[in-house]
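Here is the file work.csv (CSV, C-alpha atoms).
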```csv
chain,number,residue,atom,x,y,z
A,612,MET,CA,-34.6,-56.6,109.8
A,613,TRP,CA,-33.6,-54.6,112.8
A,614,ARG,CA,-32.9,-56.4,116.1
A,615,SER,CA,-34.4,-55.3,119.4
A,616,THR,CA,-30.8,-54.4,120.4
A,617,SER,CA,-30.3,-52.2,117.3
A,618,ILE,CA,-29.4,-48.6,118.1
A,619,PHE,CA,-32.1,-47.5,115.6
A,620,VAL,CA,-34.8,-49.5,117.4
A,621,GLN,CA,-33.6,-48.1,120.8
A,622,ILE,CA,-33.7,-44.5,119.5
A,623,SER,CA,-37.1,-45.0,118.0
A,624,ILE,CA,-38.5,-46.4,121.3
A,625,LEU,CA,-36.9,-43.5,123.3
A,626,PHE,CA,-38.4,-41.0,120.8
A,627,ALA,CA,-41.8,-42.7,120.9
A,628,PHE,CA,-41.7,-42.5,124.7
A,629,ALA,CA,-40.6,-38.8,124.7
A,630,PHE,CA,-43.2,-37.9,122.1
A,631,ALA,CA,-46.0,-39.6,124.0
A,632,SER,CA,-45.0,-37.9,127.2
A,633,PHE,CA,-44.9,-34.5,125.5
A,634,LEU,CA,-48.4,-35.1,124.0
A,635,ALA,CA,-49.7,-36.2,127.4
A,636,VAL,CA,-48.4,-33.1,129.1
A,637,ALA,CA,-49.6,-30.9,126.3
A,638,LEU,CA,-53.0,-32.5,126.4
A,639,PHE,CA,-53.2,-31.8,130.1
A,640,TYR,CA,-52.5,-28.1,129.7
A,641,VAL,CA,-54.6,-27.6,126.5
A,642,LYS,CA,-57.7,-29.6,127.5
A,643,ILE,CA,-57.7,-30.0,131.2
A,644,GLN,CA,-55.7,-27.2,132.8
A,645,PRO,CA,-57.7,-24.3,131.1
A,646,GLY,CA,-60.9,-25.7,132.7
A,647,LEU,CA,-59.3,-26.1,136.1
A,648,GLU,CA,-57.9,-22.5,135.9
A,649,SER,CA,-61.2,-21.1,134.9
A,650,ILE,CA,-63.1,-23.0,137.6
A,651,LYS,CA,-60.5,-21.7,140.1
A,652,GLN,CA,-61.2,-18.1,139.0
A,653,TYR,CA,-65.0,-18.6,139.2
A,654,ASN,CA,-64.7,-20.1,142.7
A,655,VAL,CA,-63.2,-16.8,143.8
A,656,ILE,CA,-66.3,-15.0,142.5
A,657,VAL,CA,-68.5,-17.6,144.3
A,658,GLY,CA,-66.5,-17.0,147.5
A,659,ALA,CA,-67.1,-13.3,147.3
A,660,ILE,CA,-70.8,-14.0,146.8
A,661,GLY,CA,-70.7,-16.2,149.9
A,662,LYS,CA,-69.2,-13.3,151.9
A,663,MET,CA,-72.0,-11.0,150.7
A,664,ARG,CA,-74.6,-13.5,151.8
A,665,GLN,CA,-73.1,-13.5,155.3
A,666,TYR,CA,-74.0,-9.8,155.4
A,667,ASN,CA,-77.6,-10.6,154.3
A,668,ALA,CA,-77.1,-9.4,150.7
A,669,SER,CA,-80.2,-9.8,148.6
A,670,MET,CA,-80.5,-11.5,145.2
A,671,LYS,CA,-80.6,-8.1,143.6
A,672,ASP,CA,-77.3,-7.1,145.3
A,673,ILE,CA,-75.6,-10.3,144.1
A,674,LYS,CA,-76.9,-9.7,140.5
A,675,SER,CA,-75.5,-6.2,140.6
A,676,PHE,CA,-72.2,-7.5,141.8
A,677,LEU,CA,-72.0,-10.0,139.0
A,678,GLU,CA,-72.8,-7.4,136.4
A,679,GLU,CA,-70.1,-5.1,137.9
A,680,GLU,CA,-67.7,-8.0,137.3
A,681,ASN,CA,-68.8,-8.0,133.7
A,682,PHE,CA,-70.9,-11.2,134.0
A,683,HIS,CA,-74.1,-11.3,132.0
A,684,GLU,CA,-77.1,-13.4,132.3
A,685,VAL,CA,-77.4,-16.1,129.6
A,686,LYS,CA,-80.5,-17.7,128.3
A,687,LEU,CA,-81.3,-20.9,130.1
A,688,THR,CA,-81.5,-23.8,127.7
A,689,ASP,CA,-83.0,-27.2,128.5
A,690,SER,CA,-79.6,-28.8,128.5
A,691,ILE,CA,-78.1,-26.3,130.9
A,692,LYS,CA,-81.2,-26.5,133.1
A,693,LYS,CA,-81.1,-30.3,133.2
A,694,LYS,CA,-77.4,-30.3,134.1
A,695,ILE,CA,-77.9,-27.8,136.9
A,696,LEU,CA,-80.8,-29.6,138.4
A,697,ASP,CA,-79.0,-32.9,138.2
A,698,ASP,CA,-75.8,-31.5,139.8
A,699,ILE,CA,-77.2,-29.1,142.4
A,700,GLN,CA,-79.5,-29.7,145.3
A,701,THR,CA,-82.7,-27.7,145.6
A,702,PRO,CA,-82.3,-24.9,148.1
A,703,HIS,CA,-84.4,-24.5,151.2
A,704,ILE,CA,-87.2,-22.1,151.3
A,705,GLY,CA,-86.0,-18.6,151.8
A,706,SER,CA,-82.4,-19.3,150.7
A,707,PHE,CA,-80.6,-19.8,147.4
A,708,ASN,CA,-77.5,-21.7,146.2
A,709,VAL,CA,-74.6,-20.4,144.2
A,710,ASN,CA,-72.6,-23.0,142.2
A,711,VAL,CA,-70.0,-23.2,139.4
A,712,ILE,CA,-71.2,-25.4,136.5
A,713,GLN,CA,-69.1,-26.5,133.5
A,714,ASP,CA,-71.0,-27.1,130.3
A,715,GLY,CA,-68.5,-28.3,127.7
A,716,SER,CA,-66.0,-25.4,127.3
A,717,LYS,CA,-68.3,-23.0,129.1
A,718,ILE,CA,-68.0,-22.1,132.8
A,719,LEU,CA,-71.2,-20.8,134.4
A,720,ILE,CA,-72.3,-19.4,137.7
A,721,ALA,CA,-75.8,-20.5,138.7
A,722,LEU,CA,-78.0,-18.7,141.2
A,723,HIS,CA,-80.7,-21.1,142.3
A,724,THR,CA,-83.7,-20.3,144.5
A,725,THR,CA,-86.8,-22.2,145.1
A,726,LYS,CA,-88.6,-20.0,142.6
A,727,GLU,CA,-86.1,-19.2,139.9
A,728,LEU,CA,-82.8,-20.3,138.3
A,729,ILE,CA,-80.5,-17.6,136.9
A,730,VAL,CA,-77.3,-18.4,135.0
A,731,TYR,CA,-74.4,-15.9,134.5
A,732,GLN,CA,-71.4,-16.2,132.3
A,733,ASP,CA,-68.2,-14.2,131.9
A,734,PRO,CA,-68.2,-12.7,128.4
A,735,ILE,CA,-64.4,-12.7,128.2
A,736,ALA,CA,-63.4,-16.3,127.1
A,737,PHE,CA,-59.7,-17.1,127.7
A,738,ASP,CA,-57.9,-17.8,124.4
A,739,TRP,CA,-56.0,-21.1,124.6
A,740,SER,CA,-55.3,-21.3,120.9
A,741,LYS,CA,-51.7,-20.2,121.5
A,742,TYR,CA,-51.2,-23.3,123.6
A,743,HIS,CA,-52.4,-25.4,120.7
A,744,THR,CA,-49.9,-23.7,118.5
A,745,ILE,CA,-47.1,-24.2,120.9
A,746,THR,CA,-48.1,-27.9,121.2
A,747,MET,CA,-48.0,-28.4,117.5
A,748,PHE,CA,-44.8,-26.5,117.1
A,749,GLY,CA,-43.2,-28.7,119.8
A,750,ALA,CA,-44.4,-31.8,118.2
A,751,ILE,CA,-42.9,-30.7,114.8
A,752,ILE,CA,-39.6,-29.9,116.5
A,753,LEU,CA,-39.5,-33.4,118.1
A,754,ILE,CA,-40.2,-35.1,114.7
A,755,VAL,CA,-37.6,-33.0,112.9
A,756,VAL,CA,-35.0,-33.9,115.6
A,757,TYR,CA,-35.9,-37.6,115.3
A,758,VAL,CA,-35.7,-37.6,111.5
A,759,THR,CA,-32.4,-35.6,111.5
A,760,LEU,CA,-30.9,-38.0,114.1
A,761,MET,CA,-31.9,-41.1,112.1
A,762,LYS,CA,-30.6,-39.6,108.9
A,763,LYS,CA,-27.3,-38.9,110.6
A,764,LEU,CA,-27.1,-42.5,111.9
A,765,MET,CA,-28.3,-44.2,108.7
A,766,PRO,CA,-24.8,-44.5,107.2
A,767,LEU,CA,-24.1,-47.0,110.0
A,768,ASN,CA,-26.6,-49.4,108.5
A,769,ASN,CA,-25.1,-48.9,105.1
A,770,ILE,CA,-21.6,-49.5,106.5
A,771,LYS,CA,-22.8,-52.7,108.1
A,772,GLN,CA,-24.2,-53.9,104.8
A,773,GLU,CA,-21.0,-53.1,103.0
A,774,ILE,CA,-19.0,-55.1,105.6
A,775,ALA,CA,-21.4,-58.0,105.3
A,776,ILE,CA,-20.9,-58.1,101.6
A,777,MET,CA,-17.1,-58.1,102.1
A,778,ALA,CA,-17.5,-61.1,104.5
A,779,ASN,CA,-19.6,-63.0,102.0
A,780,ASN,CA,-17.1,-62.3,99.2
A,781,ASN,CA,-14.1,-63.1,101.4
A,782,GLU,CA,-12.5,-59.7,100.6
A,783,ILE,CA,-11.5,-56.5,102.3
A,784,LYS,CA,-11.9,-53.3,100.5
A,785,LYS,CA,-12.5,-49.6,101.3
A,786,LEU,CA,-15.9,-48.4,102.5
A,787,THR,CA,-17.7,-45.9,100.3
A,788,CYS,CA,-20.6,-44.9,102.5
A,789,GLY,CA,-20.1,-42.0,104.9
A,790,ILE,CA,-16.6,-41.2,103.7
A,791,ASP,CA,-17.5,-37.6,103.2
A,792,ASN,CA,-19.2,-37.1,106.5
A,793,GLN,CA,-17.5,-34.6,108.8
A,794,ASP,CA,-18.5,-36.3,112.0
A,795,GLU,CA,-17.5,-39.4,114.0
A,796,ILE,CA,-19.0,-41.7,111.4
A,797,GLY,CA,-16.9,-40.2,108.7
A,798,ASP,CA,-13.8,-40.5,111.0
A,799,LEU,CA,-14.6,-44.1,111.6
A,800,VAL,CA,-14.9,-44.8,107.8
A,801,ARG,CA,-11.7,-43.0,107.1
A,802,GLU,CA,-9.8,-44.9,109.8
A,803,PHE,CA,-11.2,-48.2,108.5
A,804,ASN,CA,-10.1,-47.3,105.0
A,805,TYR,CA,-6.7,-46.3,106.3
A,806,SER,CA,-6.4,-49.7,108.0
A,807,VAL,CA,-7.5,-51.5,104.8
A,808,THR,CA,-4.7,-49.6,102.9
A,809,LYS,CA,-2.1,-50.6,105.5
A,810,LEU,CA,-3.3,-54.2,105.6
A,811,GLY,CA,-3.2,-54.3,101.8
A,812,ALA,CA,0.3,-53.1,101.8
A,813,VAL,CA,1.3,-55.7,104.4
A,814,SER,CA,-0.4,-58.4,102.4
A,815,GLU,CA,1.3,-57.3,99.2
A,816,ALA,CA,4.7,-57.2,100.9
A,817,ARG,CA,4.1,-60.7,102.4
A,818,THR,CA,3.1,-62.0,99.0
A,819,LEU,CA,6.1,-60.4,97.3
A,820,PHE,CA,8.4,-61.7,100.0
A,821,LEU,CA,7.1,-65.3,99.6
A,822,ARG,CA,7.2,-65.2,95.9
A,823,SER,CA,10.8,-63.8,96.0
A,824,ILE,CA,11.8,-66.6,98.3
A,825,MET,CA,10.2,-69.2,96.1
A,826,HIS,CA,11.8,-67.7,93.0
A,827,GLU,CA,15.3,-67.5,94.6
A,828,LEU,CA,15.1,-71.1,95.9
A,829,LYS,CA,14.2,-72.5,92.4
A,830,THR,CA,17.7,-71.8,91.1
A,831,PRO,CA,19.8,-73.6,93.8
A,832,ILE,CA,17.3,-76.5,93.8
A,833,THR,CA,17.5,-76.8,90.0
A,834,LYS,CA,21.3,-76.7,90.1
A,835,GLY,CA,21.4,-79.3,93.0
A,836,ARG,CA,19.2,-81.6,90.9
A,837,ILE,CA,21.5,-81.3,88.0
A,838,ILE,CA,24.6,-82.1,90.2
A,839,ALA,CA,22.8,-85.0,91.8
A,840,GLU,CA,22.3,-86.6,88.4
A,841,MET,CA,26.1,-86.6,88.0
A,842,ILE,CA,26.7,-88.9,91.0
A,843,GLN,CA,27.8,-92.4,90.0
A,844,ASP,CA,26.4,-94.2,93.1
A,845,LEU,CA,22.8,-95.0,92.1
A,846,LYS,CA,21.6,-95.3,95.7
A,847,TYR,CA,22.8,-91.9,96.8
A,848,LYS,CA,21.9,-90.4,93.4
A,849,GLN,CA,18.3,-91.5,93.9
A,850,ARG,CA,18.2,-90.2,97.5
A,851,LEU,CA,19.5,-86.8,96.5
A,852,CYS,CA,17.2,-86.6,93.5
A,853,ASN,CA,14.2,-87.4,95.8
A,854,VAL,CA,15.4,-84.7,98.2
A,855,PHE,CA,15.6,-82.1,95.5
A,856,GLU,CA,12.2,-83.2,94.1
A,857,ARG,CA,10.7,-82.8,97.5
A,858,LEU,CA,12.2,-79.3,97.9
A,859,ASN,CA,10.7,-78.4,94.5
A,860,ALA,CA,7.4,-79.8,95.7
A,861,LEU,CA,7.7,-77.7,98.9
A,862,ILE,CA,8.0,-74.6,96.7
A,863,ASP,CA,4.7,-75.6,95.0
A,864,GLU,CA,3.1,-76.1,98.5
A,865,PHE,CA,4.2,-72.7,99.6
A,866,ALA,CA,2.6,-71.3,96.4
A,867,LYS,CA,-0.7,-73.0,97.3
A,868,ILE,CA,-0.5,-71.8,100.9
A,869,GLU,CA,0.1,-68.2,99.7
A,870,GLN,CA,-3.0,-68.6,97.5
A,871,LEU,CA,-5.0,-70.0,100.3
A,872,ALA,CA,-4.0,-67.2,102.7
A,873,SER,CA,-4.9,-64.6,100.1
A,874,LYS,CA,-8.2,-66.4,99.3
A,875,ASN,CA,-7.2,-66.7,95.6
A,876,TYR,CA,-7.3,-70.5,95.5
A,877,ILE,CA,-10.4,-72.2,94.0
A,878,ALA,CA,-10.8,-75.8,95.2
A,879,LYS,CA,-11.4,-78.3,92.4
A,880,LYS,CA,-13.0,-81.5,93.9
A,881,SER,CA,-12.8,-84.9,92.3
A,882,GLN,CA,-13.3,-88.5,93.5
A,883,PHE,CA,-10.3,-90.6,94.4
A,884,PHE,CA,-9.3,-93.5,96.6
A,885,LEU,CA,-8.1,-93.0,100.1
A,886,ASP,CA,-5.1,-95.3,99.4
A,887,ASP,CA,-4.0,-93.0,96.6
A,888,VAL,CA,-4.0,-89.8,98.8
A,889,ILE,CA,-2.3,-91.6,101.6
A,890,LYS,CA,0.4,-92.8,99.2
A,891,GLU,CA,0.8,-89.2,97.9
A,892,SER,CA,1.1,-87.9,101.4
A,893,MET,CA,3.8,-90.4,102.3
A,894,GLU,CA,5.8,-89.5,99.3
A,895,MET,CA,5.5,-85.8,100.3
A,896,LEU,CA,6.9,-86.8,103.7
A,897,LEU,CA,9.7,-88.7,102.0
A,898,ILE,CA,8.8,-91.9,103.9
A,899,ASP,CA,10.6,-94.8,102.4
A,900,SER,CA,9.7,-98.4,102.5
A,901,ASN,CA,11.7,-99.0,105.7
A,902,ASN,CA,9.5,-96.6,107.7
A,903,GLN,CA,6.1,-97.3,106.1
A,904,ASN,CA,5.3,-99.6,109.1
A,905,ASN,CA,4.9,-96.4,111.2
A,906,ILE,CA,1.7,-95.7,109.4
A,907,ILE,CA,-1.0,-98.3,110.3
A,908,CYS,CA,-4.0,-98.3,107.9
A,909,ASN,CA,-7.2,-99.8,109.4
A,910,HIS,CA,-9.6,-98.9,106.6
A,911,SER,CA,-11.2,-100.1,103.4
A,912,ASN,CA,-10.3,-98.5,100.1
A,913,ASP,CA,-12.9,-95.8,100.6
A,914,LEU,CA,-13.8,-93.2,98.0
A,915,ILE,CA,-13.2,-89.5,98.9
A,916,LYS,CA,-14.5,-86.4,97.1
A,917,ALA,CA,-12.1,-83.5,97.6
A,918,ASP,CA,-9.4,-81.4,96.0
A,919,PHE,CA,-6.7,-84.1,95.7
A,920,ASN,CA,-3.7,-81.7,96.1
A,921,LEU,CA,-5.1,-79.9,99.1
A,922,PHE,CA,-6.4,-83.0,100.7
A,923,ALA,CA,-3.0,-84.7,100.3
A,924,LEU,CA,-1.4,-81.6,101.9
A,925,SER,CA,-3.8,-81.8,104.9
A,926,ILE,CA,-3.1,-85.5,105.4
A,927,LYS,CA,0.6,-85.1,105.0
A,928,ASN,CA,0.7,-82.5,107.8
A,929,LEU,CA,-1.6,-84.6,110.0
A,930,LEU,CA,0.6,-87.6,109.6
A,931,ASP,CA,3.7,-85.5,110.1
A,932,ASN,CA,2.4,-84.1,113.4
A,933,ALA,CA,1.1,-87.5,114.5
A,934,ILE,CA,4.4,-89.3,114.0
A,935,LYS,CA,6.4,-86.4,115.5
A,936,TYR,CA,4.4,-86.2,118.7
A,937,SER,CA,3.5,-89.9,119.1
A,938,SER,CA,5.0,-91.8,122.0
A,939,ASP,CA,5.6,-94.9,119.8
A,940,SER,CA,6.3,-93.0,116.5
A,941,LYS,CA,3.2,-94.6,114.9
A,942,VAL,CA,0.0,-93.2,113.5
A,943,ILE,CA,-3.3,-95.0,112.8
A,944,ILE,CA,-5.5,-94.2,109.9
A,945,GLU,CA,-9.1,-95.5,110.0
A,946,THR,CA,-12.5,-94.6,108.7
A,947,ILE,CA,-15.9,-94.3,110.6
A,948,LYS,CA,-18.8,-94.1,108.1
A,949,GLN,CA,-18.2,-90.8,106.3
A,950,ASP,CA,-15.4,-89.6,108.5
A,951,LEU,CA,-11.6,-90.1,108.2
A,952,VAL,CA,-9.8,-90.5,111.5
A,953,ILE,CA,-6.1,-90.1,112.2
A,954,LYS,CA,-4.8,-90.8,115.7
A,955,ASN,CA,-1.7,-91.4,117.7
A,956,LEU,CA,-0.6,-92.4,121.2
A,957,GLY,CA,0.6,-89.4,123.2
A,958,GLN,CA,-0.1,-86.7,125.7
A,959,PRO,CA,-3.2,-84.6,125.1
A,960,LEU,CA,-2.9,-81.1,123.7
A,961,LYS,CA,-2.0,-78.6,126.5
A,962,MET,CA,-4.1,-75.8,125.0
A,963,ASN,CA,-7.4,-75.4,123.2
A,964,VAL,CA,-7.1,-76.9,119.7
A,965,ASN,CA,-8.1,-73.6,118.2
A,966,GLU,CA,-4.9,-72.0,119.5
A,967,TYR,CA,-2.9,-74.5,117.4
A,968,PHE,CA,-4.7,-73.4,114.3
A,969,LYS,CA,-3.2,-69.9,114.4
A,970,PRO,CA,-0.3,-69.2,112.0
A,971,TYR,CA,3.2,-69.2,113.5
A,972,PHE,CA,1.9,-70.8,116.7
A,973,LYS,CA,4.5,-71.6,119.3
A,974,ASP,CA,3.9,-73.8,122.4
A,975,ILE,CA,5.2,-71.6,125.2
A,976,LYS,CA,5.1,-74.7,127.4
A,977,ASN,CA,7.5,-76.5,125.1
A,978,PRO,CA,10.2,-74.0,124.1
A,979,LEU,CA,12.2,-76.8,122.5
A,980,SER,CA,9.5,-77.4,119.9
A,981,GLN,CA,10.8,-77.1,116.3
A,982,GLY,CA,9.2,-75.8,113.1
A,983,PHE,CA,7.5,-72.5,112.2
A,984,GLY,CA,4.1,-73.3,113.7
A,985,LEU,CA,2.4,-73.5,110.4
A,986,GLY,CA,1.4,-77.2,110.3
A,987,MET,CA,-1.9,-77.0,112.0
A,988,TYR,CA,-2.7,-73.7,110.3
A,989,ILE,CA,-2.1,-75.4,106.9
A,990,ILE,CA,-4.3,-78.3,107.9
A,991,LYS,CA,-7.2,-76.1,109.1
A,992,THR,CA,-6.9,-73.7,106.1
A,993,THR,CA,-6.8,-76.4,103.4
A,994,LEU,CA,-9.8,-78.3,105.0
A,995,ASP,CA,-11.8,-75.1,105.4
A,996,THR,CA,-11.2,-74.2,101.8
A,997,GLN,CA,-12.8,-77.6,100.8
A,998,GLY,CA,-15.7,-77.2,103.2
A,999,PHE,CA,-14.6,-79.9,105.6
A,1000,GLU,CA,-14.7,-79.7,109.4
A,1001,LEU,CA,-11.8,-80.9,111.6
A,1002,GLN,CA,-12.6,-82.1,115.1
A,1003,TYR,CA,-10.2,-83.0,117.9
A,1004,SER,CA,-10.7,-85.4,120.9
A,1005,TYR,CA,-8.6,-87.3,123.3
A,1006,GLU,CA,-9.7,-90.8,124.3
A,1007,ASN,CA,-7.9,-93.8,125.9
A,1008,GLY,CA,-4.5,-92.2,125.5
A,1009,TYR,CA,-5.0,-91.3,121.8
A,1010,ASN,CA,-5.0,-87.9,120.2
A,1011,ILE,CA,-7.8,-88.2,117.6
A,1012,PHE,CA,-8.2,-85.8,114.6
A,1013,THR,CA,-11.4,-86.4,112.6
A,1014,ILE,CA,-12.1,-85.0,109.1
A,1015,LYS,CA,-15.9,-85.0,108.9
A,1016,ASN,CA,-18.0,-86.1,105.9
A,1017,CYS,CA,-15.1,-86.4,103.4
A,1018,ILE,CA,-15.9,-90.0,102.4
A,1019,VAL,CA,-18.7,-90.4,99.8
A,1020,GLU,CA,-18.6,-94.3,99.6
A,1021,ASN,CA,-17.2,-97.1,101.7
A,1022,PHE,CA,-15.8,-100.4,100.3
A,1023,CYS,CA,-15.8,-98.8,96.9
A,1024,ASP,CA,-15.7,-100.9,93.7
A,1025,LEU,CA,-12.9,-99.8,91.3
A,1026,SER,CA,-15.4,-99.7,88.4
A,1027,LEU,CA,-17.4,-97.0,90.1
A,1028,ILE,CA,-14.8,-94.3,90.1
A,1029,LYS,CA,-15.9,-91.2,88.2
A,1030,THR,CA,-14.2,-87.9,88.0
A,1031,ASP,CA,-16.2,-84.6,88.2
```
Now, as a test, write the supplied structure out as structure tokens.
Amino acid sequence: MWRSTSIFVQISILFAFAFASFLAVALFYVKIQPGLESIKQYNVIVGAIGKMRQYNASMKDIKSFLEEENFHEVKLTDSIKKKILDDIQTPHIGSFNVNVIQDGSKILIALHTTKELIVYQDPIAFDWSKYHTITMFGAIILIVVYVTLMKKLMPLNNIKQEIAIMANNNEIKKLTCGIDNQDEIGDLVREFNYSVTKLGAVSEARTLFLRSIMHELKTPITKGRIIAEMIQDLKYKQRLCNVFERLNALIDEFAKIEQLASKNYIAKKSQFFLDDVIKESMEMLLIDSNNQNNIICNHSNDLIKADFNLFALSIKNLLDNAIKYSSDSKVIIETIKQDLVIKNLGQPLKMNVNEYFKPYFKDIKNPLSQGFGLGMYIIKTTLDTQGFELQYSYENGYNIFTIKNCIVENFCDLSLIKTD
């Protein structure tokens, strides 16, 4: 349905106004102006008759004058007589009145004495049919112009529909409508398709670059893992093995991020305990038993329904940021009804939270900040993919991040766990 601000609606309104104005002017000239012009011409005749009367011209002289001007006497019908008697005052004795009377499309000159009433009419009727033809021709031209203009602009509506379909399908592809047009709309479509081609090439190059990096890293990680197994000291051996396992897990995370960025990842939701996903996130952060006290869990063992891997990745990055920017190196995890809350003591964000969700974000107010600026972007992207909303607030010295409506049951009984 077209909006009131639609260009099609605005053009239609302007056309309707122009068409109505044209018809109004045409009606004036076709219906009203002819009568006014005719009456004006007849008034000239009446004026001449008035001059003759000033020189004591008789009724016979006036009749002769009218006949010389090609007027002829017409039969006096009851309707004409009634109209004349209603519109004209009865003359005084010894005088007569001369008036112009309009009866429908007829213009008449009435000579009225106390004894008789004579009506004259010009036999030459002015032909206004050409004005009707001009009016009709003008109306047709306006309609043709309107239809042609709307037809020229119609590809815009089709282009909008194609783009809306792309948005619903989370994909960008070339437009097909209007591509052959040799006008500004065609230029717009071709420029859009050219941009799509360039973006596709950039996206393909980025994907190839990431996959190449992941592929190249696999070899040294695998070799390092093998070498770590040869170390005799069990303590250092285990630490090195954990590091290489984490590096290998990071490669898998990069693969998921690449799929998320290209909209190729399909979230598979299942039900799991909050404790399990927190444990998985801590392992991803390589938090050992000595540092587990930095994470304070004030929650029951709630049941969550989400994509386990993506949700763990989101929690891992939230915990990492919370610990990194906390004033006491601690982070608190708690639940409020169906919401999961992660908060830490520290300074509030210096910019709008949406700025931090952009990839490769760098805080210009903190040039010493480390990292690639992908943490918040990964959090937002992974949660959006699962249909969860992330909210930020700052209260009583705490930075608070809330994942809305991710908990399906509080104080869950172990026997109730079901996997979709």
Next item on the list: Please identify all polymer residues within 12 Å of Asn1016 in chain A, counting all atoms listed in the file, omitting same-chain residues fewer than 3 positions from it, and present them as a PyMOL selection string.
Entry: chain A and resi 914-917+946-952+994+997-1002+1013+1019-1021
Check: What does the distance from CA of Glu894 in chain A to CA of Leu845 in chain A come to in Å, to one decimal?
Finding: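 Going from CA of Glu894 in chain A over to CA of Leu845 in chain A, I get 19.3 Å.
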Item checked: Closest of A:Lys829, A:Lys969, A:Lys991, A:Lys693 to Leu871 in chain A - atom-to-atom distances counting all atoms listed in the file ->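 Between A:Lys829, A:Lys969, A:Lys991, A:Lys693, the residue approaching Leu871 in chain A most closely is A:Lys991.
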Note to self: I'd like to know which of A:Ile1018, A:Ile953, A:Leu760, A:Met765 is closest to Leu885 in chain A, using all atoms listed in the file.
What the structure shows: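 Under the stated criterion, the closest residue is A:Ile1018.
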Next item on the list: Can you work out which one of A:Glu966, A:Thr993, A:Asn768, A:Lys935 has the shortest atom-to-atom distance to Phe922 in chain A, counting all atoms listed in the file?
Entry: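 Ranking A:Glu966, A:Thr993, A:Asn768, A:Lys935 by distance to Phe922 in chain A, first place goes to A:Thr993.
Among the candidates A:Ala778, A:Ile783, A:Ile837, A:Ile729, the residue lying nearest to Lys671 in chain A is A:Ile729 (atoms considered: only C-alpha atoms).
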Next item on the list: Between A:Arg836, A:Arg801, A:Lys785, A:Arg857, single out the one closest to Ile898 in chain A, counting all atoms listed in the file.
Entry: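 Selected residue with least distance to Ile898 in chain A: A:Arg857.
Coordinates place CA of Ile673 in chain A at a distance of 18.0 Å from CA of Ile718 in chain A.
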